[in-house]
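Peer 1: Hey, dropping data-v8.cif in here, mmCIF, C-alpha atoms and all ligand atoms:
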data_final
loop_
_atom_site.label_atom_id
_atom_site.label_comp_id
_atom_site.auth_asym_id
_atom_site.auth_seq_id
_atom_site.Cartn_x
_atom_site.Cartn_y
_atom_site.Cartn_z
CA MET A 4 93.80 43.48 217.17
CA ARG A 5 92.07 44.32 213.89
CA ALA A 6 89.81 42.27 211.61
CA ARG A 7 91.22 42.04 208.11
CA ILE A 8 89.37 40.70 205.04
CA THR A 9 91.66 37.84 204.02
CA GLY A 10 89.48 36.34 201.29
CA THR A 11 86.36 37.06 199.25
CA GLY A 12 84.08 34.94 197.11
CA SER A 13 80.81 35.20 195.24
CA TYR A 14 78.29 33.14 193.35
CA ALA A 15 75.45 33.96 190.98
CA PRO A 16 72.90 31.41 189.78
CA GLU A 17 73.17 30.32 186.15
CA ARG A 18 69.89 31.65 184.81
CA VAL A 19 70.01 35.21 183.47
CA LEU A 20 66.89 37.36 183.02
CA THR A 21 67.48 40.28 180.64
CA ASN A 22 65.55 43.50 180.27
CA ALA A 23 64.28 42.10 176.95
CA ASP A 24 62.81 39.16 178.89
CA LEU A 25 61.09 41.63 181.27
CA GLU A 26 59.62 43.50 178.29
CA ARG A 27 57.64 40.32 177.61
CA MET A 28 56.44 40.07 181.23
CA VAL A 29 55.35 43.62 182.17
CA GLU A 30 54.82 46.95 180.43
CA THR A 31 58.39 48.25 180.46
CA SER A 32 61.33 48.80 178.13
CA ASP A 33 65.04 48.12 178.15
CA GLU A 34 65.55 51.84 177.59
CA TRP A 35 63.49 52.81 180.69
CA ILE A 36 65.22 50.28 182.93
CA VAL A 37 68.76 51.17 181.80
CA GLU A 38 68.14 54.91 181.97
CA ARG A 39 66.40 54.88 185.38
CA THR A 40 68.46 52.19 187.11
CA GLY A 41 71.57 51.14 185.13
CA ILE A 42 70.40 47.50 185.23
CA ARG A 43 70.61 45.35 182.06
CA GLU A 44 70.25 41.82 183.41
CA ARG A 45 70.04 39.88 186.66
CA HIS A 46 70.59 36.27 187.76
CA LEU A 47 67.72 34.20 189.10
CA ALA A 48 67.93 31.11 191.29
CA ALA A 49 66.63 27.87 189.77
CA PRO A 50 63.44 26.41 191.26
CA GLY A 51 64.48 24.77 194.52
CA GLU A 52 67.77 26.68 194.72
CA ALA A 53 67.68 28.42 198.12
CA CYS A 54 69.61 31.06 200.02
CA SER A 55 71.91 28.55 201.73
CA ASP A 56 72.79 26.94 198.37
CA LEU A 57 74.02 30.28 196.99
CA GLY A 58 75.67 31.28 200.27
CA THR A 59 77.57 28.01 200.66
CA LYS A 60 79.11 28.37 197.18
CA ALA A 61 80.19 31.97 197.79
CA ALA A 62 81.53 31.01 201.23
CA ALA A 63 83.61 28.12 199.87
CA ARG A 64 85.24 30.48 197.38
CA ALA A 65 86.00 33.05 200.10
CA LEU A 66 87.52 30.39 202.38
CA GLU A 67 89.67 29.12 199.53
CA ALA A 68 90.88 32.65 198.73
CA ALA A 69 91.68 33.26 202.41
CA GLY A 70 93.37 29.89 202.87
CA VAL A 71 91.24 29.30 205.96
CA ALA A 72 89.70 25.89 206.72
CA ALA A 73 85.99 25.83 207.60
CA SER A 74 86.91 23.91 210.75
CA ASP A 75 88.91 26.96 211.92
CA LEU A 76 85.95 29.34 211.74
CA ASP A 77 84.77 30.77 215.07
CA MET A 78 81.59 32.33 213.68
CA ILE A 79 79.38 32.43 210.59
CA LEU A 80 77.09 35.41 210.02
CA VAL A 81 74.59 35.38 207.16
CA ALA A 82 73.02 38.67 206.14
CA THR A 83 69.75 37.93 204.38
CA CYS A 84 66.06 38.78 204.16
CA THR A 85 65.29 35.69 202.06
CA GLY A 86 66.61 32.82 204.20
CA ASP A 87 65.69 29.20 203.42
CA ALA A 88 62.98 29.20 206.13
CA PRO A 89 62.00 31.14 209.29
CA LEU A 90 63.76 28.40 211.29
CA PRO A 91 66.55 27.38 211.49
CA SER A 92 68.87 30.22 210.57
CA THR A 93 70.43 29.97 207.12
CA ALA A 94 73.80 30.41 208.86
CA CYS A 95 73.30 27.05 210.63
CA LEU A 96 72.51 25.32 207.34
CA ILE A 97 75.70 26.74 205.82
CA GLN A 98 77.71 25.90 208.97
CA HIS A 99 76.71 22.25 208.54
CA ARG A 100 77.40 22.15 204.78
CA LEU A 101 80.85 23.70 205.21
CA GLY A 102 81.75 21.48 208.16
CA ALA A 103 82.48 24.49 210.35
CA THR A 104 82.13 22.39 213.48
CA LYS A 105 83.30 24.92 216.07
CA ALA A 106 81.60 28.02 214.62
CA ALA A 107 78.76 29.98 216.20
CA ALA A 108 76.17 30.76 213.53
CA CYS A 109 73.30 33.22 213.16
CA ASP A 110 71.54 35.39 210.60
CA ILE A 111 71.48 39.18 210.54
CA GLY A 112 68.44 41.02 209.21
CA ALA A 113 69.16 44.51 207.97
CA ALA A 114 67.99 44.10 204.35
CA CYS A 115 70.38 45.72 201.87
CA CYS A 116 72.60 46.91 204.75
CA GLY A 117 72.93 43.39 206.11
CA PHE A 118 76.44 42.70 204.87
CA VAL A 119 77.86 45.94 206.29
CA TYR A 120 76.05 45.32 209.60
CA ALA A 121 77.39 41.74 209.68
CA LEU A 122 80.93 42.93 208.95
CA ALA A 123 80.65 45.25 211.96
CA VAL A 124 79.45 42.40 214.20
CA GLY A 125 82.24 40.15 212.95
CA ASP A 126 84.78 42.93 213.55
CA ALA A 127 83.54 43.32 217.14
CA TYR A 128 83.90 39.57 217.77
CA VAL A 129 87.42 39.52 216.34
CA LYS A 130 88.26 42.28 218.80
CA THR A 131 87.03 40.04 221.63
CA GLY A 132 89.33 37.18 220.56
CA PHE A 133 87.72 35.29 217.65
CA ARG A 134 90.33 34.40 214.99
CA HIS A 135 88.20 33.82 211.89
CA VAL A 136 84.66 35.01 211.15
CA LEU A 137 82.88 34.22 207.87
CA VAL A 138 80.49 36.96 206.75
CA ILE A 139 78.03 36.10 203.97
CA GLY A 140 75.38 38.11 202.15
CA SER A 141 72.99 35.79 200.31
CA GLU A 142 69.62 36.54 198.77
CA VAL A 143 66.96 34.92 196.62
CA MET A 144 65.06 38.16 196.03
CA SER A 145 63.13 36.54 193.18
CA THR A 146 61.00 34.72 195.79
CA ILE A 147 59.71 37.98 197.32
CA THR A 148 59.43 39.84 194.01
CA ASN A 149 56.03 40.34 192.42
CA TRP A 150 56.73 39.54 188.77
CA LYS A 151 53.58 41.41 187.75
CA ASP A 152 54.66 44.70 189.41
CA ARG A 153 56.83 46.72 187.03
CA ASN A 154 57.71 49.18 189.80
CA THR A 155 59.80 46.53 191.57
CA CYS A 156 60.36 43.46 189.37
CA VAL A 157 62.87 45.19 187.12
CA LEU A 158 65.12 45.97 190.09
CA PHE A 159 66.02 42.78 191.92
CA GLY A 160 68.25 39.75 191.36
CA ASP A 161 69.63 36.72 193.21
CA GLY A 162 73.20 36.03 194.33
CA ALA A 163 75.64 35.66 197.19
CA GLY A 164 78.96 37.10 198.29
CA ALA A 165 81.21 36.33 201.24
CA ALA A 166 84.27 37.59 203.07
CA VAL A 167 86.53 35.96 205.65
CA LEU A 168 87.56 38.23 208.53
CA SER A 169 90.76 37.18 210.26
CA ALA A 170 92.47 38.65 213.32
CA THR A 171 95.65 40.59 212.57
CA THR A 172 98.10 42.73 214.48
CA GLU A 173 98.96 44.59 211.26
CA ASP A 174 97.84 48.19 210.95
CA ARG A 175 95.21 47.37 208.32
CA GLY A 176 91.75 45.87 208.19
CA ILE A 177 88.40 47.34 209.23
CA LEU A 178 89.05 50.89 210.47
CA SER A 179 85.50 51.66 211.61
CA SER A 180 81.83 50.87 211.00
CA HIS A 181 78.96 53.34 211.13
CA LEU A 182 75.51 51.79 211.46
CA HIS A 183 72.23 53.72 211.47
CA SER A 184 68.48 53.16 211.41
CA ASP A 185 65.22 55.10 211.23
CA GLY A 186 62.24 52.81 211.75
CA SER A 187 59.80 55.69 211.25
CA LEU A 188 60.45 55.11 207.54
CA TRP A 189 59.65 51.36 207.69
CA ASN A 190 56.95 51.61 205.06
CA LEU A 191 59.18 52.92 202.26
CA ILE A 192 60.34 49.34 201.59
CA CYS A 193 58.53 46.41 203.16
CA VAL A 194 57.04 42.96 202.69
CA PRO A 195 53.71 43.40 204.50
CA GLY A 196 52.68 39.74 204.88
CA GLY A 197 54.10 36.42 205.94
CA GLY A 198 55.39 37.37 209.38
CA SER A 199 53.75 37.45 212.82
CA ARG A 200 51.88 40.70 212.07
CA MET A 201 50.10 39.13 209.13
CA PRO A 202 50.67 35.36 209.04
CA PRO A 203 50.15 33.62 205.69
CA THR A 204 46.48 33.07 204.80
CA ASP A 205 44.72 32.49 201.49
CA LYS A 206 43.58 36.13 201.57
CA MET A 207 47.08 37.43 202.25
CA LEU A 208 48.43 35.45 199.29
CA ALA A 209 45.54 36.53 197.05
CA ASP A 210 46.27 40.15 197.97
CA GLU A 211 49.95 39.54 197.05
CA LEU A 212 51.22 40.83 200.38
CA GLN A 213 54.09 38.33 200.42
CA TYR A 214 55.98 40.55 197.98
CA ILE A 215 58.16 43.66 198.29
CA LYS A 216 56.35 47.00 198.19
CA MET A 217 58.50 50.05 197.67
CA LYS A 218 58.06 53.80 197.45
CA GLY A 219 60.94 54.11 195.01
CA ASN A 220 61.04 57.84 194.57
CA GLU A 221 61.05 58.66 198.32
CA THR A 222 63.61 55.93 198.95
CA PHE A 223 65.83 57.40 196.26
CA LYS A 224 66.04 60.78 198.02
CA VAL A 225 66.75 59.33 201.46
CA ALA A 226 69.38 57.01 199.96
CA VAL A 227 71.37 59.85 198.38
CA LYS A 228 71.27 61.92 201.58
CA THR A 229 72.21 59.11 203.99
CA LEU A 230 74.96 57.68 201.78
CA GLU A 231 76.62 61.08 201.54
CA GLU A 232 76.29 61.72 205.30
CA SER A 233 77.63 58.34 206.35
CA ALA A 234 80.57 58.53 203.93
CA ARG A 235 81.60 61.86 205.44
CA GLU A 236 81.05 60.49 208.97
CA ALA A 237 83.31 57.47 208.34
CA LEU A 238 86.08 59.54 206.75
CA LYS A 239 85.99 62.13 209.52
CA ALA A 240 86.14 59.46 212.23
CA ASN A 241 89.44 58.29 210.75
CA GLY A 242 90.95 61.70 210.01
CA LEU A 243 90.62 61.06 206.26
CA THR A 244 89.16 63.02 203.36
CA VAL A 245 87.38 61.99 200.16
CA GLY A 246 90.74 62.40 198.42
CA ASP A 247 92.14 59.53 200.52
CA LEU A 248 89.53 57.07 199.24
CA ASP A 249 90.84 54.59 196.67
CA VAL A 250 87.78 52.43 196.04
CA TYR A 251 84.08 53.01 196.84
CA VAL A 252 81.92 49.87 196.86
CA PRO A 253 78.31 51.03 197.26
CA HIS A 254 75.12 48.98 197.46
CA GLN A 255 74.13 48.30 193.85
CA ALA A 256 70.51 49.52 193.89
CA ASN A 257 70.53 52.20 191.24
CA ALA A 258 73.34 53.77 189.19
CA ARG A 259 71.67 57.18 189.42
CA ILE A 260 71.73 57.08 193.24
CA ILE A 261 75.43 56.19 193.21
CA LYS A 262 76.31 58.87 190.65
CA ALA A 263 74.42 61.48 192.68
CA VAL A 264 76.35 60.50 195.82
CA ALA A 265 79.69 60.57 193.95
CA THR A 266 78.88 64.02 192.59
CA ARG A 267 78.02 65.34 196.06
CA LEU A 268 81.22 63.86 197.50
CA GLU A 269 83.26 65.03 194.48
CA LEU A 270 84.45 61.44 194.13
CA PRO A 271 85.59 60.48 190.59
CA MET A 272 83.50 57.64 189.11
CA GLU A 273 86.72 55.73 188.26
CA LYS A 274 86.96 54.98 192.00
CA VAL A 275 83.42 53.60 192.17
CA VAL A 276 82.63 49.92 191.67
CA LEU A 277 79.47 49.44 189.59
CA ASN A 278 78.15 46.04 188.58
CA MET A 279 74.37 46.37 188.86
CA ASP A 280 74.17 46.23 185.06
CA ARG A 281 74.81 42.45 185.37
CA TYR A 282 73.21 41.66 188.75
CA GLY A 283 70.47 44.17 189.57
CA ASN A 284 69.87 44.80 193.27
CA THR A 285 70.78 41.64 195.19
CA SER A 286 70.12 43.27 198.59
CA ALA A 287 72.60 42.00 201.21
CA ALA A 288 74.59 40.17 198.53
CA SER A 289 75.24 43.25 196.43
CA ILE A 290 78.27 44.69 198.25
CA PRO A 291 80.13 41.39 198.76
CA ILE A 292 79.61 40.42 195.09
CA ALA A 293 80.91 43.81 193.93
CA LEU A 294 83.78 43.61 196.44
CA ASP A 295 84.77 40.14 195.26
CA GLU A 296 84.75 41.21 191.61
CA ALA A 297 86.88 44.27 192.40
CA VAL A 298 89.37 42.20 194.41
CA ARG A 299 89.68 39.52 191.74
CA ALA A 300 90.03 42.15 188.99
CA GLY A 301 92.97 43.68 190.89
CA ARG A 302 91.15 46.98 191.47
CA ILE A 303 91.64 46.67 195.25
CA LYS A 304 95.26 46.42 196.35
CA LYS A 305 97.13 46.20 199.64
CA GLY A 306 97.07 49.56 201.44
CA HIS A 307 94.02 50.89 199.55
CA VAL A 308 91.38 52.75 201.54
CA VAL A 309 88.09 51.04 200.64
CA MET A 310 84.63 52.23 201.62
CA MET A 311 81.57 49.95 201.56
CA ALA A 312 78.25 51.76 201.97
CA ALA A 313 74.64 50.62 201.91
CA PHE A 314 71.08 51.73 202.57
CA GLY A 315 67.86 49.79 202.55
CA SER A 316 64.68 48.65 204.20
CA GLY A 317 64.27 49.58 207.84
CA LEU A 318 65.30 52.15 206.89
CA THR A 319 68.91 51.37 207.62
CA TRP A 320 72.14 52.82 206.31
CA ALA A 321 75.68 51.75 207.07
CA THR A 322 79.28 52.38 206.09
CA SER A 323 82.44 50.38 206.66
CA LEU A 324 85.89 51.84 206.07
CA VAL A 325 88.75 49.42 205.47
CA ARG A 326 92.48 49.74 204.91
CA TRP A 327 93.14 46.78 202.62
N1 LIG B 401 58.96 50.54 183.22
C1 LIG B 401 58.39 51.63 182.72
N2 LIG B 401 57.82 52.59 183.47
C2 LIG B 401 57.87 52.43 184.81
C3 LIG B 401 58.46 51.30 185.40
C4 LIG B 401 59.01 50.33 184.54
N3 LIG B 401 59.61 49.22 185.02
N4 LIG B 401 58.38 51.42 186.74
C5 LIG B 401 57.76 52.58 186.99
N5 LIG B 401 57.45 53.20 185.82
C6 LIG B 401 56.77 54.46 185.63
C7 LIG B 401 55.96 54.87 186.81
O1 LIG B 401 54.68 54.26 186.78
C8 LIG B 401 55.89 56.37 186.64
O2 LIG B 401 54.90 56.67 185.68
P1 LIG B 401 53.90 57.91 185.90
O3 LIG B 401 54.80 59.12 185.93
O4 LIG B 401 53.02 57.83 184.71
O5 LIG B 401 53.24 57.65 187.20
C9 LIG B 401 57.23 56.73 185.99
O6 LIG B 401 57.75 55.49 185.48
C10 LIG B 401 58.25 57.32 186.95
O7 LIG B 401 58.22 56.61 188.17
P2 LIG B 401 59.14 57.01 189.36
O8 LIG B 401 58.87 56.07 190.48
O9 LIG B 401 59.06 58.45 189.63
O10 LIG B 401 60.57 56.69 188.72
P3 LIG B 401 62.01 56.95 189.33
O11 LIG B 401 62.76 57.79 188.41
O12 LIG B 401 61.95 57.33 190.77
O13 LIG B 401 62.66 55.49 189.25
C11 LIG B 401 63.12 53.66 190.73
C12 LIG B 401 62.06 54.42 189.95
C13 LIG B 401 64.07 53.05 189.72
C14 LIG B 401 62.45 52.57 191.54
C15 LIG B 401 63.91 54.62 191.64
O14 LIG B 401 63.02 55.42 192.35
C16 LIG B 401 64.80 53.90 192.62
O15 LIG B 401 65.77 53.25 192.25
N6 LIG B 401 64.56 54.09 193.94
C17 LIG B 401 65.37 53.51 194.97
C18 LIG B 401 65.16 52.03 195.08
C19 LIG B 401 66.09 51.47 196.10
O16 LIG B 401 67.26 51.73 196.03
N7 LIG B 401 65.59 50.71 197.11
C20 LIG B 401 66.41 50.36 198.24
C21 LIG B 401 66.90 49.02 198.30
S1 LIG B 401 65.70 47.75 198.28
C22 LIG B 401 65.79 46.89 199.77
O17 LIG B 401 66.15 47.39 200.79
C23 LIG B 401 65.35 45.45 199.77
#
How does the structure come out when it is put into structure tokens?

Peer 2:
Amino acid sequence: MRARITGTGSYAPERVLTNADLERMVETSDEWIVERTGIRERHLAAPGEACSDLGTKAAARALEAAGVAASDLDMILVATCTGDAPLPSTACLIQHRLGATKAAACDIGAACCGFVYALAVGDAYVKTGFRHVLVIGSEVMSTITNWKDRNTCVLFGDGAGAAVLSATTEDRGILSSHLHSDGSLWNLICVPGGGSRMPPTDKMLADELQYIKMKGNETFKVAVKTLEESAREALKANGLTVGDLDVYVPHQANARIIKAVATRLELPMEKVVLNMDRYGNTSAASIPIALDEAVRAGRIKKGHVVMMAAFGSGLTWATSLVRW
């Protein structure tokens, strides 16, 4: 039994924040942001619009594309670091809104790698007998972004993407997943406050510790190295080479990171899906949004070898190889 992606969907909130808008908020320029990151604009959730709102919309589109009823889902996994609240899980809120009455539901926390981690968990459950697993990446990064910090506020955006995994006896679907972590590098990307280590206090909020802190330059180097290594690992595990890859769907953090990885792999950029110019870095939502756009644009076709690859806070890095 394999788990095959039978439908994808995505959703981005209406409001768009451009680089020109950011020029009015912090000392930055459209030129700097485009040159250093490839980002031109990003979507932001409306006040009161939460992670489950975005995730439910993306999920409904994925279910429709798959032709699977919510009531037939065995499991819902939501990859997020910006859930509606610490309790309950955002997955349970979405389970209720979709009417997925027989589904197990939980969240997965692996930051930008969350969707690839969740795909791997869903794949494992399909192999134990589940028929349909809904995997969602949904983020409202704008709520943990410090809009006064130019080092980070130009990077992130809000959005959601989803994929339905269905059991198949066909020789296609998820071929393998490769998940990694190195917690010694936890402080490259973190939100210091708001958890059990540093519960919310007036001082914590005044010190702005509820927002993302990132050592961008160090993260950049680790990202390029780990993305290259895990791509090679996934291909080797399946007896494939870079030449066999049809479509590469990387985490949309920075166009320069992706181009550096493609150069190292000798992978032509025509095979790489890039959409961070319109979304920025939407963390766990970035790969499923890019995947959905590529599927709907006809870039991903039956039989294609597709690689999804992410890195992020933890640090974590992860690759999923799929025969479509
Ligand atoms: N506008 C103008 N100047 C800026 C801005 C800005 N928005 N931000 C930083 N600068 C300045 C810096 O202050 C610095 O100035 P200085 O030399 O006078 O000190 C200069 O630009 C260069 O800064 P660097 O940090 O060296 O710039 P770099 O080329 O590394 O680009 C960036 C920064 C875009 C953050 C890059 O390092 C990056 O993308 N890193 C990886 C980020 C990432 O992918 N994170 C992982 C996912 S996030 C998650 O897991 C939730």

Peer 1: Could you list the protein, DNA and RNA residues that have any atom within 7 Å of ligand LIG 401 (chain B), counting all atoms listed in the file, and write them as a list in words?

Peer 2: Glu30, Thr31, Ser32, Trp35, Ile36, Arg39, Thr40, Ala114, Cys115, Arg153, Asn154, Thr155, Val157, Ile192, Gly219, Asn220, Thr222, Phe223, Ala226, Ala256, Asn257, Ser286, Phe314, Gly315 and Ser316 of chain A

Peer 1: Take the residues from that selection and write them out as a PDB file, keeping the file's coordinate frame, keeping C-alpha atoms.

Peer 2:
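The result, written out as again_13.pdb:
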ATOM      1  CA  GLU A  30      54.820  46.950 180.430  1.00  0.00           C
ATOM      2  CA  THR A  31      58.390  48.250 180.460  1.00  0.00           C
ATOM      3  CA  SER A  32      61.330  48.800 178.130  1.00  0.00           C
ATOM      4  CA  TRP A  35      63.490  52.810 180.690  1.00  0.00           C
ATOM      5  CA  ILE A  36      65.220  50.280 182.930  1.00  0.00           C
ATOM      6  CA  ARG A  39      66.400  54.880 185.380  1.00  0.00           C
ATOM      7  CA  THR A  40      68.460  52.190 187.110  1.00  0.00           C
ATOM      8  CA  ALA A 114      67.990  44.100 204.350  1.00  0.00           C
ATOM      9  CA  CYS A 115      70.380  45.720 201.870  1.00  0.00           C
ATOM     10  CA  ARG A 153      56.830  46.720 187.030  1.00  0.00           C
ATOM     11  CA  ASN A 154      57.710  49.180 189.800  1.00  0.00           C
ATOM     12  CA  THR A 155      59.800  46.530 191.570  1.00  0.00           C
ATOM     13  CA  VAL A 157      62.870  45.190 187.120  1.00  0.00           C
ATOM     14  CA  ILE A 192      60.340  49.340 201.590  1.00  0.00           C
ATOM     15  CA  GLY A 219      60.940  54.110 195.010  1.00  0.00           C
ATOM     16  CA  ASN A 220      61.040  57.840 194.570  1.00  0.00           C
ATOM     17  CA  THR A 222      63.610  55.930 198.950  1.00  0.00           C
ATOM     18  CA  PHE A 223      65.830  57.400 196.260  1.00  0.00           C
ATOM     19  CA  ALA A 226      69.380  57.010 199.960  1.00  0.00           C
ATOM     20  CA  ALA A 256      70.510  49.520 193.890  1.00  0.00           C
ATOM     21  CA  ASN A 257      70.530  52.200 191.240  1.00  0.00           C
ATOM     22  CA  SER A 286      70.120  43.270 198.590  1.00  0.00           C
ATOM     23  CA  PHE A 314      71.080  51.730 202.570  1.00  0.00           C
ATOM     24  CA  GLY A 315      67.860  49.790 202.550  1.00  0.00           C
ATOM     25  CA  SER A 316      64.680  48.650 204.200  1.00  0.00           C
TER      26      SER A 316
END

Peer 1: Leaving out Val71 in chain A and any residue of its chain fewer than 6 positions from it, which residues lie within 12 Å of it when counting all atoms listed in the file, given as a ChimeraX atom specification?

Peer 2: /A:8-11,62-65,77,101,103,134-137,166-170

Peer 1: Quick check, in Å to one decimal: how far apart do CA of Val227 in chain A and CA of Gly246 in chain A lie?

Peer 2: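 Atom-to-atom, CA of Val227 in chain A to CA of Gly246 in chain A, that is 19.5 Å.
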
Peer 1: Dump as an NGL selection string all residues having an atom at most 9 Å from (97.5, 47.8, 205.1), computed in the file's coordinates with all atoms listed in the file.

Peer 2: :A and (173-176 or 305-308 or 325-327)

Peer 1: Write out as a count of residues only the residues lying within 8 Å of Leu188 in chain A, counting only C-alpha atoms and excluding same-chain residues fewer than 3 positions away.

Peer 2: 4

Peer 1: Measure the distance from CA of Ala49 in chain A to CA of Glu67 in chain A in Å and round it to one decimal.

Peer 2: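 Between these atoms lies a distance of 25.1 Å.
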
Peer 1: What is the CA of Ser179 in chain A-CA of Gly242 in chain A distance in Å, reported with one decimal?

Peer 2: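 These two atoms are separated by 11.5 Å.
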
Peer 1: Where's the centre, and what are the edge lengths in Å to one decimal, of a box along x, y and z enclosing all listed atoms of range 72-86 of chain A padded 5 Å per side, as AutoDock Vina command-line options?

Peer 2:
--center_x 77.5 --center_y 31.3 --center_z 208.6 --size_x 34.4 --size_y 24.9 --size_z 23.0

Peer 1: Point out the residue among A:His46, A:Lys216, A:Arg200, A:Arg18 with the least atom-to-atom distance to Thr148 in chain A, counting only C-alpha atoms.

Peer 2: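 Counting only C-alpha atoms, the residue closest to Thr148 in chain A is A:Lys216.
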
Peer 1: Name the closest residue to Val124 in chain A among the candidates A:His99, A:Ala106, A:Pro50, A:Ser180; distances are taken between atoms, counting all atoms listed in the file.

Peer 2: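 Nearest to Val124 in chain A: A:Ser180.
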
Peer 1: Under the rule that only C-alpha atoms are counted, which of A:Val245, A:Lys239, A:Ala263, A:Val250 is the nearest residue to Ile303 in chain A?

Peer 2: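 Among the listed residues, the smallest separation from Ile303 in chain A belongs to A:Val250.
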
Peer 1: Using all atoms listed in the file, pick whichever of A:Leu248, A:Ile290, A:Cys193, A:Leu76 has the shortest atom-to-atom distance to Glu273 in chain A.

Peer 2: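 Of the candidates, the smallest distance to Glu273 in chain A is held by A:Leu248.
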
Peer 1: I'd like the neighbourhood of Ile42 in chain A as a list in words, where a residue qualifies if any of its atoms comes within 6 Å (using all atoms listed in the file), though same-chain residues fewer than 4 positions away should be ignored.

Peer 2: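 In the requested form, the answer reads Val37, Met279, Asp280 and Gly283 of chain A.
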
Peer 1: Keeping only C-alpha atoms, write those residues as a short mmCIF file (atom, residue, chain, number, x, y, z; two decimals), in the coordinates of the input.

Peer 2:
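Dumped everything to out.cif:
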data_model
loop_
_atom_site.label_atom_id
_atom_site.label_comp_id
_atom_site.auth_asym_id
_atom_site.auth_seq_id
_atom_site.Cartn_x
_atom_site.Cartn_y
_atom_site.Cartn_z
CA VAL A 37 68.76 51.17 181.80
CA MET A 279 74.37 46.37 188.86
CA ASP A 280 74.17 46.23 185.06
CA GLY A 283 70.47 44.17 189.57
#

Peer 1: Restricting the calculation to all atoms listed in the file: of A:Gly125, A:Gly117, A:Pro91, A:Gly164, which residue gets closest to Leu57 in chain A?

Peer 2: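 Using all atoms listed in the file, Leu57 in chain A sits closest to A:Gly164.
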